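Colleague: Let me give you the structure first, and then I'll get to my questions.
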Amino acid sequence: MHDVAIIGGGHNGLVCAAYLAKTGLKVVVLERRAVAGGAAVTEEFHPGFRNSVASYTVSLLNPKVIRDLDLHAHGLKIVERKISNFLPLDDGRYLKVGGGKTKEEVGKFSRRDAERLDAYADNLERIADLLREVVLQTPPNIASGNPLTAIAQLFKAGSLANRMRRLGIEGQRELLDLFARSAGDYLDQWFESAPIKAAYGFDGIVGNYASPYTPGSAYVLLHHCFGEVNGKKGVWGHAIGGMGAITQAMAKSAAAAGAEIRLSSPVREVIVEKKRAAGVVLENGDAIRAKAVVSNLNPKLFYTKLFPAGALPGTFSERIAHWRCGSGTFRMNVALSELPDFTCLPGKTLAEHHTAGIIIAPSLQYMERAYFDARTSGWSKKPIVEVVISSTLDHTLAPKGQHVASLFCQHVAPELPDGSNWDQHRDKVADLMVDTVNTYAPNFKTSVLGRQIFSPLDLERTFGLTGGDIFHGALDLNQIFSARPMLGHADYRGPLPGIYMCGSGTHPGGGVTGAPGHNAAREILQDFRRRKLRRAD
């Protein structure tokens, strides 16, 4: 008998396991694949070339999680990009963002915009600071029943209201804008030149199958702004050894605390006895009894696939079946014989722009057309592509003089509108992505030595990302904070006693943060202390 069985050895499952095991609980993590880490893994995809094959860059990983799990002692090292982003443009010009260059670079296009950058950054930073405060807090949980529980939630809501009050009325108006408006409308209010709006607006459509002018996309932009690297806010970096270095450090921390991690152990079903969770059954038929079952899966996958018929409340099952998934992502890894030689900034010798997130999307209008293309025909004729050449910062990933690059591509339809299968189109769309980069760097296509392709269907099959959704559910207003994954279940507890959730389908949402795992562990430990859960004999 175990105290806790965690389904899914992705980063949040490992974080949750580490915190629980540190208290002496008997914890087992059950991972379907032969390697722990979920979508944050490093693998060889072409002989001699390794890369972060799904998630690919670092910023949102919470500093408290890094400290508490002592990840640096377990091998984690994160280095910063030389500059944050590089946008090659159609007219032969370019924009660099970050590294102290943004104001000068934006001034090439608009002096007015350059002068507004500091105010924009200060404004966004105040709101991002509020998010940083609540990211490790359990949201107020809308629940009926015990009056004492309702009172506790009122106090929690009051604490949040006090934090918001510190913003002042202008800050609160800005907060409302960022939660309700589109990224495009928000950026149009601040800036006039297309390149800086594209650079900032890209964050509003990352993992978000939507136009930059879709209401609510401003929040997705904000969601990508509350991270930090090595104590520097808003910075993006790279884990030496790839994203797998993060999850391997987490696995080592969890194992050192006493957690058991079982690989190649897919779960078939949750055991429900007397209307509460009692463990799980693996696909090989083995039963693992546990006082608590914790899911690191997409909530829709977990609740619709792993429970016996009729085990869950009918209204809950009906609502979770409509949990909105699908982030419009097409993911590629490519082995390169040389660095891209951009028409707008020629040269194959390593330069700072090669270390950046290279965004192929010169305007918000380009992004909007890409979205409507995908809605109509399945993928955008001129797709949005972010190129990250991780080997420019980590020489362990590729042979000397050669490189690996991640292509993070938007927009593609999670389900093709004509009803065809992604397997029929994946290579054609992969060619389009390479050709798109080649338009801006004409040596790119001929430099590709090998490639690995993940369509939305591949992401679902390989990593359990339903609809290819990297966030385990869209970051819509009705799927964030107290509504993630559903009103009444924002406290990481499921609809049956003994069921918990610790994945990105809970607050604060997607990205490699570790926050859901941290928060879920706190709530589970509270239930053990209150004897709602009893330790195994």
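Identifiers in the structure tokens: chain A, B, ... in order shown; residue index from 1 per chain; ligand index from 1 in order shown.
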Set out as JSON lines a contact list for stretch 460-496 of chain A and stretch 202-205 of chain A with a cut-off of 12 Å, giving each residue of stretch 460-496 of chain A that qualifies its closest atom pair and distance in Å to one decimal, counting only C-alpha atoms, ordered by chain and rising residue number.

Modeller:
```
{"residue": "A:Ala474", "atom": "CA", "partner": "A:Ile205", "partner_atom": "CA", "distance": 11.1}
{"residue": "A:Leu475", "atom": "CA", "partner": "A:Gly204", "partner_atom": "CA", "distance": 10.6}
{"residue": "A:Asp476", "atom": "CA", "partner": "A:Gly204", "partner_atom": "CA", "distance": 11.9}
```

Colleague: Next, the residues of the selection above should be written as a compact mmCIF listing (two decimals), in the first residue's frame with N, CA and C atoms.

Modeller:
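result.txt written:
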```
# COMPACT_ATOMS: atom_id res chain seq x y z
N ALA A 474 -6.96 25.29 -22.82
CA ALA A 474 -6.81 26.69 -23.20
C ALA A 474 -6.87 27.61 -21.99
N LEU A 475 -6.11 28.71 -22.06
CA LEU A 475 -6.10 29.70 -20.98
C LEU A 475 -7.19 30.74 -21.24
N ASP A 476 -8.43 30.28 -21.34
CA ASP A 476 -9.58 31.16 -21.51
C ASP A 476 -10.04 31.67 -20.15
```

Colleague: Using only C-alpha atoms, which protein or nucleic acid residues come within 12 Å of A:Gly100? Drop anything in the same chain fewer than 4 positions from it, and give the result as a PDB file with N, CA and C atoms, in the first residue's frame.

Modeller:
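Output below, filename around-v3.pdb:
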```
ATOM      1  N   LYS A  82      21.523  35.728 -25.316  1.00  0.00           N
ATOM      2  CA  LYS A  82      22.239  37.000 -25.452  1.00  0.00           C
ATOM      3  C   LYS A  82      21.252  38.146 -25.670  1.00  0.00           C
ATOM      4  N   ILE A  83      20.238  37.906 -26.514  1.00  0.00           N
ATOM      5  CA  ILE A  83      19.098  38.804 -26.631  1.00  0.00           C
ATOM      6  C   ILE A  83      17.849  37.938 -26.602  1.00  0.00           C
ATOM      7  N   SER A  84      16.702  38.546 -26.306  1.00  0.00           N
ATOM      8  CA  SER A  84      15.487  37.741 -26.149  1.00  0.00           C
ATOM      9  C   SER A  84      14.939  37.265 -27.480  1.00  0.00           C
ATOM     10  N   ASN A  85      14.732  38.213 -28.404  1.00  0.00           N
ATOM     11  CA  ASN A  85      14.086  37.867 -29.674  1.00  0.00           C
ATOM     12  C   ASN A  85      14.711  38.599 -30.851  1.00  0.00           C
ATOM     13  N   LYS A  96      15.725  43.634 -33.048  1.00  0.00           N
ATOM     14  CA  LYS A  96      16.241  42.857 -31.920  1.00  0.00           C
ATOM     15  C   LYS A  96      15.562  43.347 -30.646  1.00  0.00           C
ATOM     16  N   GLU A 104      16.752  51.273 -28.637  1.00  0.00           N
ATOM     17  CA  GLU A 104      17.462  51.709 -29.840  1.00  0.00           C
ATOM     18  C   GLU A 104      16.908  51.026 -31.081  1.00  0.00           C
ATOM     19  N   GLU A 105      16.623  49.735 -30.972  1.00  0.00           N
ATOM     20  CA  GLU A 105      16.116  48.978 -32.111  1.00  0.00           C
ATOM     21  C   GLU A 105      14.717  49.451 -32.524  1.00  0.00           C
ATOM     22  N   VAL A 106      13.842  49.655 -31.557  1.00  0.00           N
ATOM     23  CA  VAL A 106      12.489  50.117 -31.861  1.00  0.00           C
ATOM     24  C   VAL A 106      12.525  51.522 -32.455  1.00  0.00           C
ATOM     25  N   LEU A 117       8.331  52.556 -24.456  1.00  0.00           N
ATOM     26  CA  LEU A 117       8.712  51.206 -24.017  1.00  0.00           C
ATOM     27  C   LEU A 117       8.822  51.085 -22.501  1.00  0.00           C
ATOM     28  N   ASP A 118       9.439  52.059 -21.854  1.00  0.00           N
ATOM     29  CA  ASP A 118       9.635  51.974 -20.403  1.00  0.00           C
ATOM     30  C   ASP A 118       8.300  51.967 -19.672  1.00  0.00           C
ATOM     31  N   VAL A 235      13.281  37.316 -18.276  1.00  0.00           N
ATOM     32  CA  VAL A 235      14.374  36.823 -19.128  1.00  0.00           C
ATOM     33  C   VAL A 235      14.066  35.386 -19.555  1.00  0.00           C
TER      34      VAL A 235
END
```

Colleague: Of the residues A:Ile470, A:Met243, A:Met433, A:Val15, which is the one nearest to A:Asp68, using only C-alpha atoms?

Modeller: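 For A:Asp68, the nearest of the given residues is A:Val15.
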
Colleague: Show me, as a list of chain:residue names, the residues that have an atom within 8 Å of stretch 245-252 of chain A when counting only C-alpha atoms, minus same-chain residues fewer than 6 positions from it.

Modeller: A:Gly10, A:His11, A:Leu14, A:Val15, A:Ala18, A:Ala36, A:Gly37, A:Ala40, A:Val41, A:Thr42, A:Leu69, A:Leu71, A:His72, A:His74, A:Gly75, A:Leu76, A:Ala239, A:Ile261

Colleague: Compare A:Gly24, A:Gly505, A:Gly347, A:Gly207 by their minimum atom-to-atom distance to A:Cys409, counting only C-alpha atoms, and give me the closest one.

Modeller: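 Closest to A:Cys409, using only C-alpha atoms: A:Gly207.
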
Colleague: Counting only C-alpha atoms, what is within 8 Å of A:Ile271, bar same-chain residues fewer than 3 positions away, as a PyMOL selection string?

Modeller: chain A and resi 277-281+307

Colleague: Take the residues just selected and output them with all heavy atoms as a PDB file, in the first residue's frame.

Modeller:
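Final output, saved to again_9.pdb:
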```pdb
ATOM      1  N   ALA A 277     -11.369   7.169  -4.275  1.00  0.00           N
ATOM      2  CA  ALA A 277     -10.230   6.550  -4.952  1.00  0.00           C
ATOM      3  C   ALA A 277      -9.513   5.600  -4.012  1.00  0.00           C
ATOM      4  O   ALA A 277      -9.314   5.905  -2.833  1.00  0.00           O
ATOM      5  CB  ALA A 277      -9.273   7.630  -5.437  1.00  0.00           C
ATOM      6  N   ALA A 278      -9.099   4.455  -4.561  1.00  0.00           N
ATOM      7  CA  ALA A 278      -8.402   3.465  -3.738  1.00  0.00           C
ATOM      8  C   ALA A 278      -7.117   2.979  -4.393  1.00  0.00           C
ATOM      9  O   ALA A 278      -6.473   2.066  -3.879  1.00  0.00           O
ATOM     10  CB  ALA A 278      -9.325   2.284  -3.457  1.00  0.00           C
ATOM     11  N   GLY A 279      -6.742   3.577  -5.527  1.00  0.00           N
ATOM     12  CA  GLY A 279      -5.523   3.165  -6.210  1.00  0.00           C
ATOM     13  C   GLY A 279      -5.732   3.164  -7.714  1.00  0.00           C
ATOM     14  O   GLY A 279      -6.671   3.773  -8.229  1.00  0.00           O
ATOM     15  N   VAL A 280      -4.852   2.455  -8.420  1.00  0.00           N
ATOM     16  CA  VAL A 280      -4.927   2.391  -9.882  1.00  0.00           C
ATOM     17  C   VAL A 280      -4.615   0.976 -10.350  1.00  0.00           C
ATOM     18  O   VAL A 280      -3.982   0.190  -9.636  1.00  0.00           O
ATOM     19  CB  VAL A 280      -3.944   3.378 -10.559  1.00  0.00           C
ATOM     20  CG1 VAL A 280      -4.257   4.822 -10.169  1.00  0.00           C
ATOM     21  CG2 VAL A 280      -2.491   3.030 -10.221  1.00  0.00           C
ATOM     22  N   VAL A 281      -5.035   0.691 -11.571  1.00  0.00           N
ATOM     23  CA  VAL A 281      -4.676  -0.557 -12.238  1.00  0.00           C
ATOM     24  C   VAL A 281      -3.839  -0.207 -13.460  1.00  0.00           C
ATOM     25  O   VAL A 281      -4.228   0.651 -14.263  1.00  0.00           O
ATOM     26  CB  VAL A 281      -5.926  -1.351 -12.672  1.00  0.00           C
ATOM     27  CG1 VAL A 281      -5.520  -2.635 -13.403  1.00  0.00           C
ATOM     28  CG2 VAL A 281      -6.806  -1.684 -11.477  1.00  0.00           C
ATOM     29  N   PHE A 307     -11.626   6.386 -15.693  1.00  0.00           N
ATOM     30  CA  PHE A 307     -12.562   6.064 -14.615  1.00  0.00           C
ATOM     31  C   PHE A 307     -13.607   5.062 -15.094  1.00  0.00           C
ATOM     32  O   PHE A 307     -14.044   5.103 -16.249  1.00  0.00           O
ATOM     33  CB  PHE A 307     -13.267   7.338 -14.108  1.00  0.00           C
ATOM     34  CG  PHE A 307     -12.414   8.144 -13.178  1.00  0.00           C
ATOM     35  CD1 PHE A 307     -11.476   9.028 -13.677  1.00  0.00           C
ATOM     36  CD2 PHE A 307     -12.526   8.000 -11.802  1.00  0.00           C
ATOM     37  CE1 PHE A 307     -10.668   9.769 -12.842  1.00  0.00           C
ATOM     38  CE2 PHE A 307     -11.727   8.737 -10.944  1.00  0.00           C
ATOM     39  CZ  PHE A 307     -10.797   9.614 -11.462  1.00  0.00           C
TER      40      PHE A 307
END
```
